[in-house]
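Novice: What follows is final-v6.txt; its format and atoms are compact mmCIF, C-alpha atoms and all ligand atoms.
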# COMPACT_ATOMS: atom_id res chain seq x y z
CA MET G 11 0.00 0.00 0.00
CA THR G 12 1.30 3.45 -0.80
CA ASN G 13 0.07 6.61 0.88
CA ARG G 14 -0.29 9.29 -1.81
CA GLY G 15 -1.57 12.38 -0.02
CA PRO G 16 -0.40 14.47 2.94
CA THR G 17 -1.67 13.64 6.43
CA VAL G 18 -2.24 16.18 9.20
CA VAL G 19 -0.56 15.03 12.40
CA ARG G 20 0.00 16.46 15.87
CA ALA G 21 3.65 16.78 16.92
CA ALA G 22 5.61 18.41 19.77
CA VAL G 23 7.62 21.22 18.19
CA LEU G 24 10.51 23.18 19.73
CA ARG G 25 11.04 26.63 18.19
CA VAL G 26 13.36 28.40 20.65
CA VAL G 27 16.09 26.80 22.75
CA GLY G 28 17.08 27.83 26.25
CA ALA G 29 13.62 28.42 27.77
CA GLU G 30 13.68 29.14 31.49
CA PRO G 31 12.73 26.19 33.65
CA PRO G 32 10.29 25.20 34.96
CA TYR G 33 9.01 24.14 31.55
CA SER G 34 5.54 23.75 33.03
CA SER G 35 5.47 27.59 32.91
CA SER G 36 7.71 28.46 29.93
CA ARG G 37 6.25 25.60 27.80
CA PRO G 38 9.04 25.23 25.19
CA LEU G 39 7.27 22.32 23.49
CA GLU G 40 4.09 23.17 21.71
CA ILE G 41 1.73 20.65 20.17
CA GLU G 42 1.24 21.77 16.57
CA GLU G 43 -0.57 20.34 13.59
CA LEU G 44 1.92 19.57 10.83
CA GLU G 45 1.30 18.42 7.30
CA LEU G 46 3.17 15.17 6.76
CA LYS G 47 4.14 14.28 3.20
CA PRO G 48 3.95 10.66 2.09
CA PRO G 49 7.14 8.56 2.34
CA GLY G 50 9.61 8.89 -0.52
CA PRO G 51 11.81 6.12 -1.93
CA GLY G 52 13.38 4.05 0.86
CA GLU G 53 11.10 5.64 3.47
CA ILE G 54 8.22 4.37 5.58
CA GLN G 55 5.37 6.05 7.40
CA VAL G 56 4.98 4.94 11.01
CA ARG G 57 2.14 5.47 13.44
CA VAL G 58 4.01 6.14 16.69
CA ARG G 59 2.52 4.17 19.59
CA ALA G 60 5.06 4.92 22.33
CA ALA G 61 7.91 7.43 22.64
CA GLY G 62 10.37 7.70 25.53
CA LEU G 63 11.84 10.93 26.90
CA CYS G 64 15.64 10.94 26.92
CA HIS G 65 18.07 13.46 28.40
CA SER G 66 19.29 14.18 24.85
CA ASP G 67 15.85 15.69 24.07
CA LEU G 68 16.18 17.80 27.23
CA SER G 69 19.66 18.87 26.06
CA VAL G 70 18.15 20.20 22.83
CA ILE G 71 15.54 22.13 24.84
CA ASP G 72 18.11 23.66 27.24
CA GLY G 73 20.65 24.43 24.50
CA SER G 74 23.38 21.92 25.36
CA ARG G 75 22.79 20.03 22.08
CA PRO G 76 22.54 22.75 19.41
CA ARG G 77 20.17 21.72 16.59
CA VAL G 78 18.46 23.40 13.64
CA MET G 79 15.13 24.94 14.59
CA PRO G 80 12.20 24.53 14.54
CA MET G 81 12.39 20.83 15.27
CA ALA G 82 9.89 18.17 16.29
CA LEU G 83 11.61 16.40 19.18
CA GLY G 84 11.84 12.78 20.36
CA HIS G 85 14.07 9.95 19.21
CA GLU G 86 13.16 6.81 21.20
CA ALA G 87 10.05 5.18 19.77
CA ALA G 88 8.13 2.16 18.64
CA GLY G 89 5.16 2.03 16.32
CA GLU G 90 3.39 0.43 13.44
CA VAL G 91 4.16 0.80 9.72
CA VAL G 92 1.18 2.38 7.97
CA ALA G 93 2.57 3.17 4.51
CA LEU G 94 5.59 2.38 2.34
CA GLY G 95 7.51 4.56 -0.08
CA ALA G 96 8.91 3.18 -3.35
CA ASP G 97 11.68 0.58 -3.21
CA VAL G 98 10.97 -0.55 0.35
CA ASP G 99 11.19 -4.32 0.56
CA ARG G 100 12.28 -4.81 4.18
CA PHE G 101 8.91 -3.86 5.67
CA ALA G 102 5.21 -4.42 5.13
CA VAL G 103 2.23 -2.37 6.29
CA GLY G 104 1.29 -3.57 9.77
CA ASP G 105 4.85 -4.42 10.82
CA HIS G 106 5.84 -3.30 14.31
CA VAL G 107 9.13 -1.41 14.46
CA VAL G 108 11.58 0.13 16.89
CA LEU G 109 13.40 3.21 15.64
CA ALA G 110 17.12 3.82 16.10
CA PHE G 111 18.43 7.38 16.20
CA VAL G 112 21.13 6.97 13.56
CA PRO G 113 19.93 5.83 10.13
CA VAL G 114 22.51 3.25 9.08
CA CYS G 115 23.12 3.46 5.34
CA GLY G 116 24.98 0.13 5.21
CA ARG G 117 27.33 1.36 2.48
CA CYS G 118 29.73 3.96 3.91
CA ARG G 119 33.15 3.13 5.36
CA PRO G 120 32.08 2.88 9.04
CA CYS G 121 28.99 0.85 8.05
CA LEU G 122 31.11 -1.56 6.00
CA SER G 123 33.46 -2.04 8.93
CA GLY G 124 30.61 -2.94 11.30
CA ARG G 125 30.38 0.48 12.95
CA GLY G 126 26.88 1.53 11.98
CA ALA G 127 26.70 3.98 14.91
CA LEU G 128 29.21 6.12 13.00
CA CYS G 129 27.36 6.01 9.65
CA GLU G 130 28.55 9.12 7.80
CA PRO G 131 25.48 9.93 5.68
CA GLY G 132 23.43 9.14 8.82
CA ALA G 133 25.41 11.64 10.92
CA ALA G 134 25.21 14.29 8.18
CA ALA G 135 21.43 13.92 7.89
CA ASN G 136 21.00 14.06 11.68
CA ALA G 137 23.11 17.24 11.88
CA ALA G 138 21.03 18.84 9.11
CA GLY G 139 17.73 17.80 10.70
CA THR G 140 16.69 15.89 7.59
CA LEU G 141 15.93 12.27 6.83
CA LEU G 142 18.67 10.12 5.26
CA SER G 143 17.32 11.18 1.84
CA GLY G 144 18.12 14.82 2.66
CA GLU G 145 14.39 15.59 2.69
CA VAL G 146 12.19 17.17 5.34
CA ARG G 147 8.80 15.47 5.17
CA TRP G 148 6.60 17.88 7.04
CA HIS G 149 5.84 21.57 7.34
CA ASP G 150 3.87 23.82 9.67
CA ALA G 151 0.76 25.92 9.14
CA SER G 152 2.87 28.67 7.44
CA ARG G 153 4.34 26.03 5.10
CA GLU G 154 7.77 26.37 6.73
CA PRO G 155 9.80 23.20 7.27
CA VAL G 156 9.96 21.63 10.72
CA TYR G 157 13.16 19.61 11.05
CA HIS G 158 13.43 15.97 12.08
CA HIS G 159 15.16 15.08 15.35
CA LEU G 160 17.77 12.37 14.69
CA GLY G 161 15.79 11.06 11.72
CA ILE G 162 12.83 10.22 13.95
CA SER G 163 10.92 13.06 15.74
CA ALA G 164 9.10 10.57 17.92
CA PHE G 165 6.74 12.96 19.74
CA ALA G 166 4.25 12.88 16.88
CA GLU G 167 1.20 10.85 15.96
CA GLN G 168 2.72 9.73 12.67
CA ILE G 169 6.17 10.15 11.22
CA VAL G 170 8.03 9.44 8.00
CA VAL G 171 11.47 7.91 8.50
CA SER G 172 14.15 6.27 6.39
CA ASP G 173 13.69 2.51 6.41
CA ARG G 174 17.31 2.45 7.63
CA SER G 175 16.09 4.00 10.93
CA ALA G 176 13.68 1.12 11.61
CA ILE G 177 14.10 -2.39 12.99
CA LYS G 178 11.26 -4.90 12.74
CA ILE G 179 10.13 -6.48 16.01
CA ASP G 180 7.64 -9.19 16.98
CA SER G 181 4.12 -7.83 17.36
CA ASP G 182 3.62 -9.27 20.86
CA LEU G 183 6.19 -6.92 22.43
CA PRO G 184 4.31 -4.03 24.15
CA PHE G 185 5.09 -0.75 22.37
CA GLU G 186 5.93 1.10 25.60
CA ILE G 187 8.65 -1.44 26.38
CA ALA G 188 9.78 -1.76 22.76
CA ALA G 189 10.40 2.01 22.51
CA LEU G 190 13.06 1.85 25.24
CA PHE G 191 15.23 -0.43 23.12
CA GLY G 192 15.67 2.41 20.60
CA CYS G 193 17.77 4.63 22.85
CA ALA G 194 18.10 3.82 26.58
CA VAL G 195 18.80 0.11 26.10
CA LEU G 196 20.70 0.32 22.82
CA THR G 197 22.91 3.09 24.24
CA GLY G 198 23.45 1.83 27.79
CA ALA G 199 23.52 -1.94 27.28
CA GLY G 200 25.37 -1.37 24.00
CA ALA G 201 28.07 0.71 25.70
CA ALA G 202 28.57 -2.06 28.27
CA MET G 203 28.56 -4.92 25.76
CA ASN G 204 30.14 -3.35 22.67
CA ALA G 205 32.53 -0.70 23.98
CA LEU G 206 33.84 -2.78 26.89
CA ASP G 207 35.23 -6.28 27.08
CA ILE G 208 33.64 -7.43 30.34
CA HIS G 209 34.64 -10.77 31.83
CA VAL G 210 32.83 -12.56 34.65
CA GLY G 211 33.96 -11.09 37.96
CA ASP G 212 35.30 -7.82 36.51
CA SER G 213 34.34 -4.67 38.39
CA VAL G 214 32.22 -2.15 36.47
CA ALA G 215 31.29 1.25 37.90
CA VAL G 216 28.46 3.26 36.34
CA PHE G 217 28.17 7.00 37.06
CA GLY G 218 24.63 8.30 36.43
CA LEU G 219 21.54 6.12 36.74
CA GLY G 220 19.07 7.47 34.23
CA GLY G 221 17.58 5.23 31.56
CA VAL G 222 20.97 4.91 29.87
CA GLY G 223 23.03 4.24 33.00
CA LEU G 224 20.54 1.74 34.43
CA ALA G 225 20.50 -0.15 31.12
CA ALA G 226 24.29 -0.34 31.40
CA VAL G 227 23.96 -1.60 34.99
CA MET G 228 21.63 -4.42 33.98
CA ALA G 229 23.76 -5.44 30.99
CA ALA G 230 26.98 -5.45 33.03
CA ALA G 231 25.25 -7.49 35.77
CA ALA G 232 23.96 -9.93 33.13
CA ALA G 233 27.54 -10.30 31.89
CA GLY G 234 28.60 -11.41 35.36
CA ALA G 235 30.34 -8.22 36.47
CA ASP G 236 30.54 -6.88 39.99
CA VAL G 237 28.62 -3.61 39.48
CA ILE G 238 29.03 -0.38 41.43
CA ALA G 239 26.29 2.17 40.70
CA VAL G 240 26.64 5.89 41.45
CA ASP G 241 24.01 8.65 41.47
CA ARG G 242 22.92 11.67 43.49
CA VAL G 243 19.38 10.39 43.90
CA THR G 244 18.60 7.69 46.48
CA ASP G 245 15.69 6.20 44.50
CA LYS G 246 18.04 5.58 41.57
CA LEU G 247 20.43 3.71 43.85
CA THR G 248 17.58 1.53 45.10
CA LEU G 249 16.52 0.72 41.54
CA ALA G 250 20.14 -0.01 40.53
CA ARG G 251 20.29 -2.63 43.29
CA GLU G 252 17.10 -4.24 41.96
CA LEU G 253 18.69 -4.34 38.52
CA GLY G 254 21.77 -6.20 39.72
CA ALA G 255 24.22 -3.66 41.15
CA GLN G 256 26.04 -5.21 44.11
CA HIS G 257 27.21 -1.85 45.46
CA VAL G 258 25.63 1.60 45.32
CA LEU G 259 27.26 4.91 46.17
CA SER G 260 25.91 8.39 46.59
CA ALA G 261 27.66 10.84 44.26
CA ASP G 262 29.66 13.11 46.53
CA SER G 263 33.24 14.32 46.81
CA ARG G 264 34.34 11.01 48.37
CA VAL G 265 32.95 8.76 45.68
CA VAL G 266 36.22 8.25 43.77
CA ASP G 267 38.11 7.26 46.92
CA ALA G 268 35.27 4.94 47.91
CA ILE G 269 35.41 3.13 44.54
CA ARG G 270 39.20 2.92 44.64
CA GLU G 271 39.05 1.44 48.10
CA MET G 272 36.40 -1.18 47.38
CA THR G 273 38.14 -2.26 44.17
CA ASN G 274 41.74 -2.14 45.32
CA GLY G 275 42.79 0.82 43.21
CA GLY G 276 39.89 1.40 40.80
CA ALA G 277 37.24 -0.45 38.81
CA ASP G 278 38.31 -2.42 35.73
CA HIS G 279 35.69 -0.61 33.62
CA VAL G 280 33.91 2.68 34.30
CA LEU G 281 31.00 4.18 32.39
CA GLU G 282 30.02 7.85 32.58
CA THR G 283 26.35 8.35 31.65
CA VAL G 284 25.63 11.80 33.07
CA GLY G 285 26.83 14.25 30.42
CA SER G 286 29.08 16.15 32.83
CA VAL G 287 32.80 16.73 32.32
CA ALA G 288 33.34 16.85 36.08
CA VAL G 289 31.76 13.41 36.40
CA LEU G 290 33.86 12.14 33.47
CA GLY G 291 36.94 13.29 35.39
CA GLN G 292 35.73 11.29 38.41
CA ALA G 293 35.00 8.27 36.22
CA TYR G 294 38.53 8.41 34.82
CA ALA G 295 40.02 8.72 38.30
CA ALA G 296 37.90 5.79 39.54
CA THR G 297 39.24 3.49 36.79
CA HIS G 298 42.01 1.03 37.65
CA ARG G 299 45.35 1.46 35.89
CA GLY G 300 45.16 -0.60 32.70
CA GLY G 301 41.39 -0.19 32.73
CA THR G 302 38.89 1.47 30.40
CA THR G 303 36.72 4.53 30.93
CA VAL G 304 33.80 4.89 28.52
CA THR G 305 31.93 8.15 28.21
CA VAL G 306 28.35 8.04 26.98
CA GLY G 307 26.97 11.36 28.25
CA LEU G 308 26.74 14.31 25.88
CA PRO G 309 28.06 17.56 27.40
CA HIS G 310 27.84 20.91 25.58
CA PRO G 311 30.26 20.93 22.56
CA GLN G 312 32.39 23.65 24.18
CA GLU G 313 33.13 21.63 27.33
CA MET G 314 36.76 20.50 27.60
CA LEU G 315 38.20 17.60 29.58
CA SER G 316 41.54 17.90 31.34
CA ILE G 317 43.39 14.76 32.43
CA PRO G 318 47.05 14.04 33.17
CA ALA G 319 48.26 13.00 29.69
CA VAL G 320 51.00 10.78 31.04
CA SER G 321 48.47 8.61 32.88
CA LEU G 322 47.26 7.27 29.52
CA VAL G 323 50.79 6.04 28.82
CA ALA G 324 52.36 5.09 32.11
CA GLU G 325 49.15 3.50 33.39
CA GLU G 326 48.03 2.11 30.03
CA ARG G 327 44.60 3.60 30.39
CA THR G 328 41.94 3.67 27.70
CA LEU G 329 39.45 6.50 27.44
CA LYS G 330 36.81 6.15 24.77
CA GLY G 331 33.41 7.38 23.75
CA SER G 332 30.37 5.34 22.83
CA TYR G 333 27.60 6.66 20.59
CA LEU G 334 24.40 4.68 20.00
CA GLY G 335 25.95 1.96 22.18
CA SER G 336 28.67 1.46 19.55
CA SER G 337 26.02 -0.74 17.99
CA VAL G 338 24.71 -1.98 14.73
CA PRO G 339 21.01 -1.48 15.57
CA GLU G 340 19.76 -4.23 13.28
CA ARG G 341 22.08 -6.71 15.03
CA ASP G 342 21.84 -5.46 18.61
CA ILE G 343 18.17 -4.48 19.10
CA PRO G 344 16.96 -8.06 18.42
CA LYS G 345 19.77 -9.35 20.63
CA PHE G 346 18.78 -7.13 23.57
CA ILE G 347 15.08 -7.96 23.07
CA GLY G 348 16.06 -11.64 23.27
CA GLN G 349 17.90 -11.00 26.55
CA PHE G 350 14.83 -9.13 27.86
CA ARG G 351 12.59 -12.08 26.98
CA ALA G 352 15.03 -14.45 28.68
CA GLY G 353 14.77 -12.38 31.88
CA GLN G 354 18.37 -11.15 31.70
CA LEU G 355 17.55 -7.49 31.00
CA PRO G 356 14.53 -6.33 33.08
CA VAL G 357 13.90 -3.35 30.77
CA GLU G 358 10.30 -2.90 32.02
CA LYS G 359 11.73 -1.56 35.30
CA LEU G 360 13.04 1.52 33.47
CA LEU G 361 9.50 2.64 32.65
CA THR G 362 8.42 4.94 35.49
CA HIS G 363 5.74 7.19 33.92
CA ARG G 364 3.21 7.01 31.09
CA ILE G 365 2.16 10.43 29.82
CA GLY G 366 0.00 12.15 27.19
CA PHE G 367 0.94 14.96 24.77
CA GLU G 368 -0.29 17.71 27.09
CA GLU G 369 2.12 16.59 29.85
CA LEU G 370 5.37 16.71 27.86
CA ASN G 371 6.67 19.99 29.33
CA GLU G 372 5.96 18.84 32.89
CA ALA G 373 7.63 15.52 32.12
CA PHE G 374 10.82 17.33 31.02
CA ASP G 375 10.80 19.15 34.38
CA ARG G 376 10.69 15.73 36.08
CA LEU G 377 13.59 14.50 33.92
CA ALA G 378 15.64 17.63 34.67
CA ARG G 379 15.09 17.07 38.41
CA ALA G 380 16.03 13.36 38.04
CA GLU G 381 12.63 12.34 39.40
CA ALA G 382 11.94 9.85 36.62
CA VAL G 383 13.78 7.15 34.74
CA ARG G 384 11.98 6.59 31.43
CA GLN G 385 8.72 8.42 30.88
CA VAL G 386 6.85 7.23 27.83
CA LEU G 387 4.43 9.23 25.75
CA VAL G 388 1.70 6.74 24.93
CA LEU G 389 -0.26 7.40 21.73
N1 LIG G 401 26.05 8.37 23.62
C1 LIG G 401 24.80 8.25 23.19
O1 LIG G 401 24.54 7.67 22.12
C2 LIG G 401 23.69 8.76 24.04
C3 LIG G 401 22.38 8.32 23.85
C4 LIG G 401 21.40 8.73 24.74
C5 LIG G 401 21.69 9.61 25.75
N2 LIG G 401 22.97 10.07 25.86
C6 LIG G 401 23.36 10.97 26.94
O2 LIG G 401 23.55 10.17 28.10
C7 LIG G 401 23.29 10.96 29.27
C8 LIG G 401 22.28 10.22 30.12
O3 LIG G 401 21.02 10.17 29.49
P1 LIG G 401 19.71 9.73 30.33
O4 LIG G 401 18.54 9.88 29.44
O5 LIG G 401 19.97 8.43 30.99
O6 LIG G 401 19.70 10.91 31.43
P2 LIG G 401 18.96 11.07 32.83
O7 LIG G 401 18.78 12.51 33.06
O8 LIG G 401 17.76 10.19 32.90
O9 LIG G 401 20.03 10.46 33.86
C9 LIG G 401 21.16 11.17 34.30
C10 LIG G 401 21.43 10.72 35.73
O10 LIG G 401 22.65 11.30 36.16
C11 LIG G 401 22.50 11.60 37.54
N3 LIG G 401 23.52 12.56 37.96
C12 LIG G 401 23.49 13.90 37.87
N4 LIG G 401 24.63 14.41 38.38
C13 LIG G 401 25.38 13.36 38.80
C14 LIG G 401 26.64 13.25 39.43
N5 LIG G 401 27.37 14.32 39.72
N6 LIG G 401 27.11 12.02 39.69
C15 LIG G 401 26.38 10.91 39.42
N7 LIG G 401 25.16 10.96 38.84
C16 LIG G 401 24.67 12.18 38.54
C17 LIG G 401 21.08 12.10 37.65
O11 LIG G 401 20.62 12.06 38.99
C18 LIG G 401 20.34 11.13 36.74
O12 LIG G 401 19.89 10.00 37.44
C19 LIG G 401 22.84 12.32 28.74
O13 LIG G 401 23.99 13.17 28.67
C20 LIG G 401 22.35 12.00 27.35
O14 LIG G 401 22.37 13.13 26.50
C21 LIG G 401 23.96 9.65 25.05
ZN ZN G 402 18.40 9.21 23.71
ZN ZN G 403 26.68 4.31 6.59
As structure tokens, please, write out the structure in this file.
Ligand SMILES: NC(=O)c1ccc[n+]([C@@H]2O[C@H](COP(=O)([O-])OP(=O)(O)OC[C@H]3O[C@@H](n4cnc5c(N)ncnc54)[C@H](O)[C@@H]3O)[C@@H](O)[C@H]2O)c1
Ligand SMILES: [Zn+2]
Ligand SMILES: [Zn+2]
Specialist:
Amino acid sequence: MTNRGPTVVRAAVLRVVGAEPPYSSSRPLEIEELELKPPGPGEIQVRVRAAGLCHSDLSVIDGSRPRVMPMALGHEAAGEVVALGADVDRFAVGDHVVLAFVPVCGRCRPCLSGRGALCEPGAAANAAGTLLSGEVRWHDASREPVYHHLGISAFAEQIVVSDRSAIKIDSDLPFEIAALFGCAVLTGAGAAMNALDIHVGDSVAVFGLGGVGLAAVMAAAAAGADVIAVDRVTDKLTLARELGAQHVLSADSRVVDAIREMTNGGADHVLETVGSVAVLGQAYAATHRGGTTVTVGLPHPQEMLSIPAVSLVAEERTLKGSYLGSSVPERDIPKFIGQFRAGQLPVEKLLTHRIGFEELNEAFDRLARAEAVRQVLVL
């Protein structure tokens, strides 16, 4: 089936960055009616059924992730295929899909070397706010374009995406759980499993226990690691324990010493999932000599990290970043769903709130105050 005409859809649009919190008063996200064009070649139209709120959306709202404006936000979603563009043979109408926030072209140099997270046309399209085709598929009431967030723009009733942004899933997986695999799980569990080489009994410390950090905690625990979880919020520490962390620590000035003491000089692997350079510095200092520090958080592009350069050499340290869980979404999303079904990744515990469109601004206040893990817009 091919959809030939435009559809009018409601979407949460951000026009100006840097609104004053609380967002319940400044209301940076406005629900607008947009005209959605039908999918072009290699594109599909998806009815969004569930969309999670991630700190990266909040970072666009508060200006720490500069993006082209206006933009319809959201990038963690699951839904149902309702129409196909030309040349789409990987999907059929009615398929359930999870969306991944880098469209993976499959042909560029990183893609060919198994590093889909670094897809070059995918990164260029995301930076431009377009789909992989270079197109923008919707416009507002004044016929001005509204840009796509990371090829997805999940806070919308229906979206058009590249078929390279979508991964087919079984239809019995609830949408509100499925959505979380698109960012929180892919990023956090992916960073633990793809960017680190965890062996049974290794120590893994995770700084920051949002959706991303907690997904890393559960994946590291499933891999048999001894997990130390760190956050400022007590409820997050309690949840981390439920998800398999053996030790939890409140984030204060003594946290690095505490980790170094309990691990005899530092954890073998440390993940930073806060988006703070100060916390990255702590994560590096809490890593054992010879160990690996992985940074997953996304600080403002002007933030600089300062570390003793010689420590990389004389202590054979590794410091690396992980984007999109260093994953190939088409390989890793089904793998993580399989681990969820086997009871190894209790992803449903990340879902703390279900919300409607009208609550989005309030929900971003909750995220900014670290009062929620994953809140899902249910459509
Ligand atoms: N690399 C990627 O591909 C990728 C993907 C998604 C999100 N991200 C980034 O990862 C980060 C986490 O995202 P999220 O959605 O899980 O965020 P979140 O806001 O849900 O979680 C962040 C957590 O960090 C905690 N925190 C704050 N200050 C801390 C401190 N000093 N020490 C320890 N913990 C502290 C907060 O209490 C909160 O629990 C963000 O920077 C986000 O932009 C990166
Ligand atoms: Zn995200
Ligand atoms: Zn590519």
Novice: Between G:Asp267, G:Asp278, G:Asp180, G:Glu30, which residue has the minimum interatomic distance to Gln292 (chain G), considering only C-alpha atoms?
Specialist: G:Asp267
Novice: Kindly provide the residues of region 265-342 of chain G that approach region 63-76 of chain G to within 10 Å, each paired with its closest atom pair and their distance in Å to one decimal, based on all atoms listed in the file, listed by chain and increasing number, as a tab-separated table.
Specialist:
residue	atom	partner	partner_atom	distance
G:Val284	CA	G:His65	CA	9.0
G:Gly285	CA	G:His65	CA	9.0
G:Gly307	CA	G:Ser66	CA	8.9
G:Leu308	CA	G:Ser66	CA	7.5
G:Pro309	CA	G:Ser74	CA	6.7
G:His310	CA	G:Ser74	CA	4.6
G:Pro311	CA	G:Ser74	CA	7.5
G:Gln312	CA	G:Ser74	CA	9.3
G:Glu313	CA	G:Ser74	CA	10.0
Novice: Any residue with an atom at most 6 Å from ligand ZN 403 (chain G) counts, using all atoms listed in the file. Which are they? Put them as a list in words.
Specialist: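 Checked against 6 Å with all atoms listed in the file; the hits are Val114, Cys115, Gly116, Arg117, Cys118, Cys121, Cys129, Glu130 and Pro131 of chain G.
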Novice: With only C-alpha atoms and all ligand atoms as the atoms that count, which of G:Glu282, G:Glu167, G:Glu252, G:Glu154 lies nearest to ligand LIG 401 (chain G)?
Specialist: G:Glu282
Novice: For the atom pair atom O12 of ligand LIG 401 (chain G) and CA of Ala189 (chain G), what is the interatomic distance in Å to one decimal place?
Specialist: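 Going from atom O12 of ligand LIG 401 (chain G) over to CA of Ala189 (chain G), I get 19.4 Å.
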Novice: In Å to one decimal, how far is CA of Ala202 (chain G) from CA of Val280 (chain G)?
Specialist: 9.3 Å
Novice: Using all atoms listed in the file, which residues sit within 9 Å of region 344-348 of chain G once same-chain residues fewer than 4 positions away are excluded, as a PyMOL selection string?
Specialist: chain G and resi 177-179+183+188+191+195-196+199-200+339-340+352-355
Novice: Residues near region 385-388 of chain G, anyone? I mean within 12 Å using all atoms listed in the file, not counting same-chain ones fewer than 6 positions away, as a ChimeraX atom specification.
Specialist: /G:21-22,57-65,84-89,164-167,184-190,194,220-221,358-377
Novice: Hey, what's within 9 Å of region 53-55 of chain G if we count all atoms listed in the file and toss same-chain stuff fewer than 6 positions away? As a list of chain:residue names, please?
Specialist: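 Non-adjacent residues within range: G:Asn13, G:Glu90, G:Val91, G:Val92, G:Ala93, G:Leu94, G:Gly95, G:Ala96, G:Asp97, G:Val98, G:Phe101, G:Leu141, G:Leu142, G:Ser143, G:Gln168, G:Ile169, G:Val170, G:Val171, G:Ser172, G:Asp173, G:Arg174, G:Ala176.
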Novice: For each of G:His159, G:Arg119, G:Arg37, G:Arg299, take the minimum atom-to-atom distance to ligand ZN 402 (chain G), counting all atoms listed in the file, then give the residue where this is smallest.
Specialist: G:His159
Novice: Report the distance between atom O7 of ligand LIG 401 (chain G) and CA of Ser163 (chain G) in Å, rounded to one decimal place.
Specialist: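 Separation of atom O7 of ligand LIG 401 (chain G) and CA of Ser163 (chain G): 19.0 Å.
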Novice: Could you tell me which of G:Ser36, G:Thr17, G:Thr197, G:Thr248 comes closest to ligand ZN 402 (chain G) if we count all atoms listed in the file?
Specialist: G:Thr197
Novice: Of the candidates G:Leu334, G:Ala261, G:Ala135, G:Val216, which shows the shortest atom-to-atom distance to ligand ZN 402 (chain G), using all atoms listed in the file?
Specialist: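 Of all the options, G:Leu334 lies closest to ligand ZN 402 (chain G).
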Novice: For a quick check of understanding, using only C-alpha atoms and all ligand atoms, which of G:Thr297, G:Thr244, G:Thr303, G:Gln349 has the smallest distance to ligand LIG 401 (chain G)?
Specialist: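 For ligand LIG 401 (chain G), the nearest of the given residues is G:Thr244.
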Novice: Within 10 Å of Val266 (chain G), counting only C-alpha atoms, which residues show up once you throw out same-chain ones fewer than 3 positions away? Write them as a list in words, please.
Specialist: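 Listed by chain and then number, they are Leu259, Ala261, Asp262, Ser263, Ile269, Arg270, Glu271, Gly275, Gly276, Gly291, Gln292, Ala293, Tyr294, Ala295, Ala296 and Thr297 of chain G.
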Novice: If you keep C-alpha atoms, can you produce a file of those selected residues as a PDB file, in the frame of the given file?
Specialist:
ATOM      1  CA  LEU G 259      27.260   4.910  46.170  1.00  0.00           C
ATOM      2  CA  ALA G 261      27.660  10.840  44.260  1.00  0.00           C
ATOM      3  CA  ASP G 262      29.660  13.110  46.530  1.00  0.00           C
ATOM      4  CA  SER G 263      33.240  14.320  46.810  1.00  0.00           C
ATOM      5  CA  ILE G 269      35.410   3.130  44.540  1.00  0.00           C
ATOM      6  CA  ARG G 270      39.200   2.920  44.640  1.00  0.00           C
ATOM      7  CA  GLU G 271      39.050   1.440  48.100  1.00  0.00           C
ATOM      8  CA  GLY G 275      42.790   0.820  43.210  1.00  0.00           C
ATOM      9  CA  GLY G 276      39.890   1.400  40.800  1.00  0.00           C
ATOM     10  CA  GLY G 291      36.940  13.290  35.390  1.00  0.00           C
ATOM     11  CA  GLN G 292      35.730  11.290  38.410  1.00  0.00           C
ATOM     12  CA  ALA G 293      35.000   8.270  36.220  1.00  0.00           C
ATOM     13  CA  TYR G 294      38.530   8.410  34.820  1.00  0.00           C
ATOM     14  CA  ALA G 295      40.020   8.720  38.300  1.00  0.00           C
ATOM     15  CA  ALA G 296      37.900   5.790  39.540  1.00  0.00           C
ATOM     16  CA  THR G 297      39.240   3.490  36.790  1.00  0.00           C
TER      17      THR G 297
END
Novice: Output as AutoDock Vina command-line options the centre and edge lengths (Å, one decimal) of the box along x, y and z of the file that holds every listed atom of ligand LIG 401 (chain G) after adding 6 Å on each side.
Specialist:
--center_x 22.6 --center_y 11.0 --center_z 30.9 --size_x 21.6 --size_y 18.7 --size_z 29.6
